[in-house]
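Participant: Provided herewith is a single structure, encoded as structure tokens, for subsequent inquiry.
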Amino acid sequence: MDLGAVLAAQAPFSPAVLWAAQVLLVASSETLQCEGPASTRDSSCHTGASEDSREKDAKVKGYTFSAPFHLIVSYDWLILQGPAMPVFEGDPLVLHCQAWQDWPLTQVTFYQDGSPLGPPGPHWEFSIAAVREADSGQYHCSAVFRSLGPGNPETAASVAVTVQELFSVPVLRATPSAEAQEGDAVTLICQTKLPPQRSATHLLFSFHKDSQTVRGRALSPELQIPTASAAHTGSYWCEATTEGSQVWKQSPRLEVRVQGPPSSAAPPALSPAPQESAAPGTMATDPSEPPRASPPLSSEGPGQSCPLQAPDPHLHHQMGLLLKQMQDMTALLGHLVMELRDLSGRLKLETSKGRAKYE
């Protein structure tokens with residue numbers, strides 16, 4: 001087994017990482033690759049679980065060490081080599097069905113959780129361009145050794161592959177509040193979190209309102225609304241995706257409501273006063289002082305002139321309620337259209353994924 005180390009320059013202060021296949025066959029060779037900070041001048045690979053005084057002295061001098069992993073040397077005729085490091089959503093996955101001393105194989109079949117991933121063939125490698133969490137499971141392979149006589153089928157031990165979440169489902173939040181007044185400044189923030197192992201991953205964020213895209217993909221997770229108006233009322237959601245679009249996730253919807261200024265509600269509150277004072281007719285006759293010589297006509301005069309001077313406050317209130325209900329119905333229909341579009345997209349994705357597995 002070749003334990004020569006290879007050093008790759010990385011960003012300063014990044015942790016060291018040790019790369020290798022997790023399972024090896026007896027008499028086979030493998031190169032261990034140690035990636036560390038650019039400031040590291042020397043690198044080496046060690047075996048054993050204990051930390052000696054030399055390693056402690058190296059830490060004091062500023063060296064960094066990778067997390068250890070178990071290297072298994074197998075005596076089987078056939079093994080399945082999987083990744084030794086954690087696998088995240090969007091990563092490529094490559095599995096090798098390797099025979100003892102690289103003996104030629106035929107009728108190679110790969111399995112996930114006991115189910116074949118395709119018909120037997122000559123290829124001893126199985127790959128997935130971008131894995132999903134659904135690709136987690138127990139993998140193994142079977143093959144027939146080529147020989148002069150009839151070959152005997154061999155089956156490798158299973159290897160567990162766990163696909164971890166690259167970033168959490170985003171959550172859309174509004175600051176200072178999703179209930180705003182006209183003229184207020186509102187900021188929408190698309191919040192998600194990357195694991196420490198992939199903290200350097202760049203995500204792109206887009207914002208959508210009802211069935212329209214408000215802002216396309218960009219690095220900033222924030223959307224600024226400097227001056228909110230009634231047109232900004234609606235159902236908002238955001239989407240976070242990797243730069244190569246291997247992984248994308250959508251947030252739940254957030255209802256944003258922008259209300260009019262408080263002065264817009266003043267006329268309905270003040271308009272009933274003249275109507276109540278005119279109703280008795282016998283005491284309050286100030287609004288109709290010119291015809292006060294004929295009191296019976298003064299009670300009819302205001303009733304006939306009010307519709308010309310100001311709108312009926314009750315009718316104004318009913319029209320406001322009807323307009324509000326129409327706006328809510330429009331938002332509900334937009335939400336329904338988005339749900340139908342998302343469902344159609346998921347069905348197409350599942351159909352294409354199913355075809356790709358069996359092609």
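Identifiers in this document derive from the order of the structure tokens: chains are assigned A, B, ..., residues are numbered from 1 separately in each chain, and ligands are numbered from 1 in order of occurrence.
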Counting only C-alpha atoms, what are the residues of segment 152-233 of chain A within 9 Å of segment 119-141 of chain A, and for each of them which pair of atoms is the nearest and at what distance in Å, to one decimal? Sort the table by chain and rising number, as CSV.
Facilitator:
```
residue,atom,partner,partner_atom,distance
A:Glu154,CA,A:Cys141,CA,8.6
A:Thr155,CA,A:Cys141,CA,6.0
A:Ala156,CA,A:Cys141,CA,5.6
A:Ala157,CA,A:His140,CA,6.0
A:Ser158,CA,A:His140,CA,4.4
A:Val159,CA,A:Tyr139,CA,5.2
A:Ala160,CA,A:Gln138,CA,4.6
A:Val161,CA,A:Ser136,CA,5.3
A:Thr162,CA,A:Ser136,CA,4.7
A:Val163,CA,A:Glu133,CA,5.1
A:Gln164,CA,A:Glu133,CA,6.6
A:Glu165,CA,A:Glu133,CA,7.1
```
Participant: Once you have the residues from the selection above, write them out as a compact mmCIF listing (two decimals), in the first residue's frame, restricted to N, CA and C atoms.
Facilitator:
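Output contents, as saved in out.txt:
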```txt
# COMPACT_ATOMS: atom_id res chain seq x y z
N GLU A 154 -19.43 -14.14 -7.65
CA GLU A 154 -19.00 -13.68 -6.33
C GLU A 154 -19.80 -12.44 -5.96
N THR A 155 -20.03 -12.27 -4.65
CA THR A 155 -20.80 -11.12 -4.16
C THR A 155 -19.97 -10.39 -3.12
N ALA A 156 -19.88 -9.07 -3.26
CA ALA A 156 -19.12 -8.26 -2.32
C ALA A 156 -19.97 -7.89 -1.12
N ALA A 157 -19.29 -7.61 -0.02
CA ALA A 157 -20.00 -7.16 1.17
C ALA A 157 -20.61 -5.77 0.91
N SER A 158 -21.71 -5.49 1.58
CA SER A 158 -22.41 -4.23 1.36
C SER A 158 -21.67 -3.07 2.01
N VAL A 159 -21.85 -1.90 1.43
CA VAL A 159 -21.25 -0.66 1.92
C VAL A 159 -22.38 0.34 2.15
N ALA A 160 -22.39 0.97 3.32
CA ALA A 160 -23.42 1.95 3.64
C ALA A 160 -23.04 3.31 3.08
N VAL A 161 -23.96 3.91 2.36
CA VAL A 161 -23.78 5.26 1.81
C VAL A 161 -24.88 6.15 2.39
N THR A 162 -24.47 7.18 3.10
CA THR A 162 -25.42 8.11 3.71
C THR A 162 -25.22 9.49 3.09
N VAL A 163 -26.24 9.98 2.42
CA VAL A 163 -26.18 11.31 1.80
C VAL A 163 -26.72 12.32 2.80
N GLN A 164 -25.86 13.26 3.18
CA GLN A 164 -26.24 14.27 4.17
C GLN A 164 -26.81 15.51 3.49
N GLU A 165 -27.59 16.25 4.26
CA GLU A 165 -28.21 17.47 3.76
C GLU A 165 -27.16 18.55 3.56
```
Participant: Enumerate the residues of segment 72-196 of chain A with a DSSP assignment of helix (DSSP H, G or I), computed from the backbone, and present them as a list of chain:residue names.
Facilitator: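 Answer for segment 72-196 of chain A restricted to helix (DSSP H, G or I) is A:Trp100, A:Gln101, A:Asp102, A:Glu133, A:Ala134, A:Asp135, A:Pro196.
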Participant: Restrict the selected residues to all heavy atoms and save them as a tab-separated table (two decimals), in the first residue's frame.
Facilitator:
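Once written, again.tsv looks like this:
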```tsv
chain	number	residue	atom	x	y	z
A	100	TRP	N	-9.92	-9.28	-6.71
A	100	TRP	CA	-8.59	-9.54	-6.18
A	100	TRP	C	-7.57	-9.51	-7.31
A	100	TRP	O	-7.76	-10.14	-8.35
A	100	TRP	CB	-8.60	-10.89	-5.47
A	100	TRP	CG	-7.28	-11.27	-4.87
A	100	TRP	CD1	-6.71	-10.78	-3.75
A	100	TRP	CD2	-6.37	-12.25	-5.39
A	100	TRP	NE1	-5.51	-11.37	-3.52
A	100	TRP	CE2	-5.27	-12.29	-4.53
A	100	TRP	CE3	-6.39	-13.10	-6.52
A	100	TRP	CZ2	-4.19	-13.13	-4.74
A	100	TRP	CZ3	-5.32	-13.94	-6.72
A	100	TRP	CH2	-4.24	-13.95	-5.83
A	101	GLN	N	-6.50	-8.71	-7.11
A	101	GLN	CA	-5.45	-8.54	-8.09
A	101	GLN	C	-6.00	-8.07	-9.44
A	101	GLN	O	-5.48	-8.43	-10.50
A	101	GLN	CB	-4.64	-9.83	-8.27
A	101	GLN	CG	-3.79	-10.19	-7.05
A	101	GLN	CD	-2.85	-11.34	-7.30
A	101	GLN	OE1	-2.96	-12.05	-8.30
A	101	GLN	NE2	-1.90	-11.53	-6.39
A	102	ASP	N	-7.06	-7.27	-9.38
A	102	ASP	CA	-7.67	-6.69	-10.59
A	102	ASP	C	-8.03	-7.75	-11.63
A	102	ASP	O	-7.88	-7.56	-12.84
A	102	ASP	CB	-6.74	-5.65	-11.21
A	102	ASP	CG	-6.59	-4.43	-10.33
A	102	ASP	OD1	-7.55	-4.11	-9.61
A	102	ASP	OD2	-5.52	-3.81	-10.34
A	133	GLU	N	-30.79	12.79	-1.12
A	133	GLU	CA	-30.92	12.05	0.14
A	133	GLU	C	-31.58	10.70	-0.11
A	133	GLU	O	-31.34	9.74	0.64
A	133	GLU	CB	-31.73	12.87	1.15
A	133	GLU	CG	-30.98	14.05	1.72
A	133	GLU	CD	-31.73	14.75	2.83
A	133	GLU	OE1	-32.75	15.40	2.53
A	133	GLU	OE2	-31.31	14.64	3.99
A	134	ALA	N	-32.40	10.59	-1.15
A	134	ALA	CA	-33.04	9.32	-1.47
A	134	ALA	C	-32.04	8.28	-1.96
A	134	ALA	O	-32.36	7.08	-2.00
A	134	ALA	CB	-34.13	9.53	-2.53
A	135	ASP	N	-30.82	8.69	-2.34
A	135	ASP	CA	-29.80	7.74	-2.78
A	135	ASP	C	-29.08	7.06	-1.63
A	135	ASP	O	-28.22	6.21	-1.86
A	135	ASP	CB	-28.78	8.45	-3.68
A	135	ASP	CG	-29.39	8.94	-4.98
A	135	ASP	OD1	-30.22	8.19	-5.55
A	135	ASP	OD2	-29.08	10.06	-5.42
A	196	PRO	N	-20.65	22.79	8.63
A	196	PRO	CA	-19.28	23.30	8.74
A	196	PRO	C	-18.36	22.74	7.65
A	196	PRO	O	-17.47	23.46	7.18
A	196	PRO	CB	-18.85	22.84	10.14
A	196	PRO	CG	-20.11	22.64	10.90
A	196	PRO	CD	-21.12	22.17	9.88
```
Participant: If you count only C-alpha atoms, which residues fall within 6 Å of Phe205 of chain A, apart from same-chain ones fewer than 3 positions away, as number ranges by chain?
Facilitator: A: 217-218, 221, 239-240
Participant: Give me a file of those residues, with C-alpha atoms, as a CSV table (one decimal), in the first residue's frame.
Facilitator:
```csv
chain,number,residue,atom,x,y,z
A,217,ARG,CA,-30.7,34.3,-8.7
A,218,ALA,CA,-28.1,36.3,-6.8
A,221,PRO,CA,-30.1,36.4,0.6
A,239,GLU,CA,-35.5,29.6,-3.5
A,240,ALA,CA,-31.9,28.7,-2.6
```
Participant: Just the residues within 8 Å of Leu203 of chain A, please, counting only C-alpha atoms, with nothing from its chain fewer than 4 positions along; format it as a ChimeraX atom specification.
Facilitator: /A:219,240-243
Participant: Do a neighbour search on segment 248-251 of chain A at 10 Å with only C-alpha atoms, toss out local chain neighbours closer than 3 positions, and write the hits as JSON, numbers by chain.
Facilitator: {"A": [89, 90, 166, 167, 168, 169, 170, 171, 172, 173, 190, 191, 192, 203, 204, 205, 206, 207, 236, 237, 238, 239, 240, 241, 242, 243, 244, 245, 254]}
Participant: Could you please take those selected residues and save N, CA and C atoms as a compact mmCIF listing (two decimals), in the first residue's frame?
Facilitator:
```
# COMPACT_ATOMS: atom_id res chain seq x y z
N GLU A 89 -25.62 16.24 -0.46
CA GLU A 89 -26.49 16.43 -1.62
C GLU A 89 -25.75 17.18 -2.73
N GLY A 90 -25.92 16.69 -3.95
CA GLY A 90 -25.26 17.33 -5.09
C GLY A 90 -23.88 16.81 -5.40
N LEU A 166 -27.12 19.13 2.35
CA LEU A 166 -26.14 20.18 2.06
C LEU A 166 -26.52 21.48 2.75
N PHE A 167 -27.79 21.84 2.71
CA PHE A 167 -28.27 23.02 3.43
C PHE A 167 -29.74 22.81 3.75
N SER A 168 -30.18 23.45 4.83
CA SER A 168 -31.55 23.27 5.30
C SER A 168 -32.54 23.96 4.37
N VAL A 169 -33.80 23.55 4.49
CA VAL A 169 -34.86 24.19 3.69
C VAL A 169 -34.95 25.66 4.10
N PRO A 170 -34.86 26.59 3.15
CA PRO A 170 -34.86 28.01 3.53
C PRO A 170 -36.19 28.45 4.14
N VAL A 171 -36.09 29.46 4.96
CA VAL A 171 -37.25 30.08 5.60
C VAL A 171 -37.24 31.56 5.24
N LEU A 172 -38.35 32.05 4.74
CA LEU A 172 -38.46 33.47 4.35
C LEU A 172 -39.04 34.26 5.52
N ARG A 173 -38.32 35.32 5.91
CA ARG A 173 -38.75 36.17 7.01
C ARG A 173 -38.77 37.63 6.54
N CYS A 190 -34.01 35.42 3.09
CA CYS A 190 -34.11 33.98 2.82
C CYS A 190 -33.04 33.28 3.66
N GLN A 191 -33.45 32.65 4.76
CA GLN A 191 -32.52 32.09 5.73
C GLN A 191 -32.35 30.59 5.53
N THR A 192 -31.09 30.13 5.51
CA THR A 192 -30.75 28.72 5.46
C THR A 192 -29.39 28.55 6.11
N LEU A 203 -24.18 29.82 -2.35
CA LEU A 203 -25.58 29.61 -2.69
C LEU A 203 -26.13 30.84 -3.39
N LEU A 204 -27.08 30.60 -4.28
CA LEU A 204 -27.76 31.67 -5.00
C LEU A 204 -29.22 31.71 -4.53
N PHE A 205 -29.75 32.93 -4.40
CA PHE A 205 -31.10 33.12 -3.86
C PHE A 205 -31.95 33.89 -4.88
N SER A 206 -33.20 33.45 -5.01
CA SER A 206 -34.17 34.14 -5.86
C SER A 206 -35.45 34.34 -5.07
N PHE A 207 -36.20 35.40 -5.42
CA PHE A 207 -37.43 35.74 -4.70
C PHE A 207 -38.60 35.78 -5.69
N TYR A 236 -45.28 35.59 -0.83
CA TYR A 236 -43.88 35.56 -1.24
C TYR A 236 -43.24 34.23 -0.85
N TRP A 237 -42.24 33.82 -1.63
CA TRP A 237 -41.42 32.66 -1.29
C TRP A 237 -40.07 32.83 -1.97
N CYS A 238 -39.07 32.15 -1.43
CA CYS A 238 -37.71 32.26 -1.97
C CYS A 238 -37.18 30.87 -2.30
N GLU A 239 -36.12 30.84 -3.10
CA GLU A 239 -35.49 29.59 -3.49
C GLU A 239 -33.98 29.73 -3.34
N ALA A 240 -33.35 28.73 -2.72
CA ALA A 240 -31.89 28.67 -2.57
C ALA A 240 -31.37 27.51 -3.41
N THR A 241 -30.29 27.77 -4.14
CA THR A 241 -29.74 26.74 -5.03
C THR A 241 -28.22 26.87 -5.08
N THR A 242 -27.55 25.78 -5.40
CA THR A 242 -26.11 25.82 -5.60
C THR A 242 -25.80 26.48 -6.94
N GLU A 243 -24.54 26.85 -7.13
CA GLU A 243 -24.17 27.56 -8.35
C GLU A 243 -24.39 26.70 -9.59
N GLY A 244 -24.22 25.40 -9.47
CA GLY A 244 -24.46 24.52 -10.60
C GLY A 244 -25.87 23.96 -10.67
N SER A 245 -26.75 24.42 -9.77
CA SER A 245 -28.16 23.99 -9.71
C SER A 245 -28.29 22.49 -9.42
N LEU A 254 -44.81 33.13 2.50
CA LEU A 254 -45.00 34.15 3.53
C LEU A 254 -45.97 35.19 2.99
```
Participant: Hey, which of A:Asn152, A:Ser142, A:Thr330, A:Gln246 ends up closest to Pro92 of chain A? Count only C-alpha atoms.
Facilitator: A:Gln246
Participant: Just how far from atom CA of Val256 of chain A is atom CA of Ala178 of chain A, in Å to one decimal?
Facilitator: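 It comes out at 4.8 Å.
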Participant: Of the residues A:Ala231, A:Ile189, A:Met85, A:Leu223, which is the one nearest to Ala174 of chain A, using only C-alpha atoms?
Facilitator: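 Looking at the shortest contact to Ala174 of chain A, the residue is A:Ile189.
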Participant: Can you list every residue in segment 131-267 of chain A that DSSP puts in strand (DSSP E), as a PyMOL selection string?
Facilitator: chain A and resi 137-145+153-155+159-161+163-164+171-175+179-181+186-191+203-209+212-218+222-225+234-242+248-250+254-259
Participant: So which one's closest to Leu80 of chain A, A:Val94, A:Val144, A:Leu349, A:Ala180? Using only C-alpha atoms, please.
Facilitator: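 Among A:Val94, A:Val144, A:Leu349, A:Ala180, it is A:Val94 that comes nearest to Leu80 of chain A.
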Participant: Using only C-alpha atoms, which protein or nucleic acid residues come within 8 Å of Pro104 of chain A? Drop anything in the same chain fewer than 4 positions from it, and give the result as a list of chain:residue names.
Facilitator: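 Counting only C-alpha atoms, the residues come to A:Ala99, A:Phe145, A:Arg146.
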Participant: Kindly give the distance, in Å, that separates atom CA of Tyr111 of chain A and atom CA of Tyr75 of chain A, rounded to a single decimal.
Facilitator: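 Atom CA of Tyr75 of chain A lies at a distance of 21.3 Å from atom CA of Tyr111 of chain A.
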Participant: In Å, rounded to a single decimal, give me how far atom CA of Gln81 of chain A is from atom CA of Leu93 of chain A.
Facilitator: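 Separation between atom CA of Leu93 of chain A and atom CA of Gln81 of chain A: 11.0 Å.
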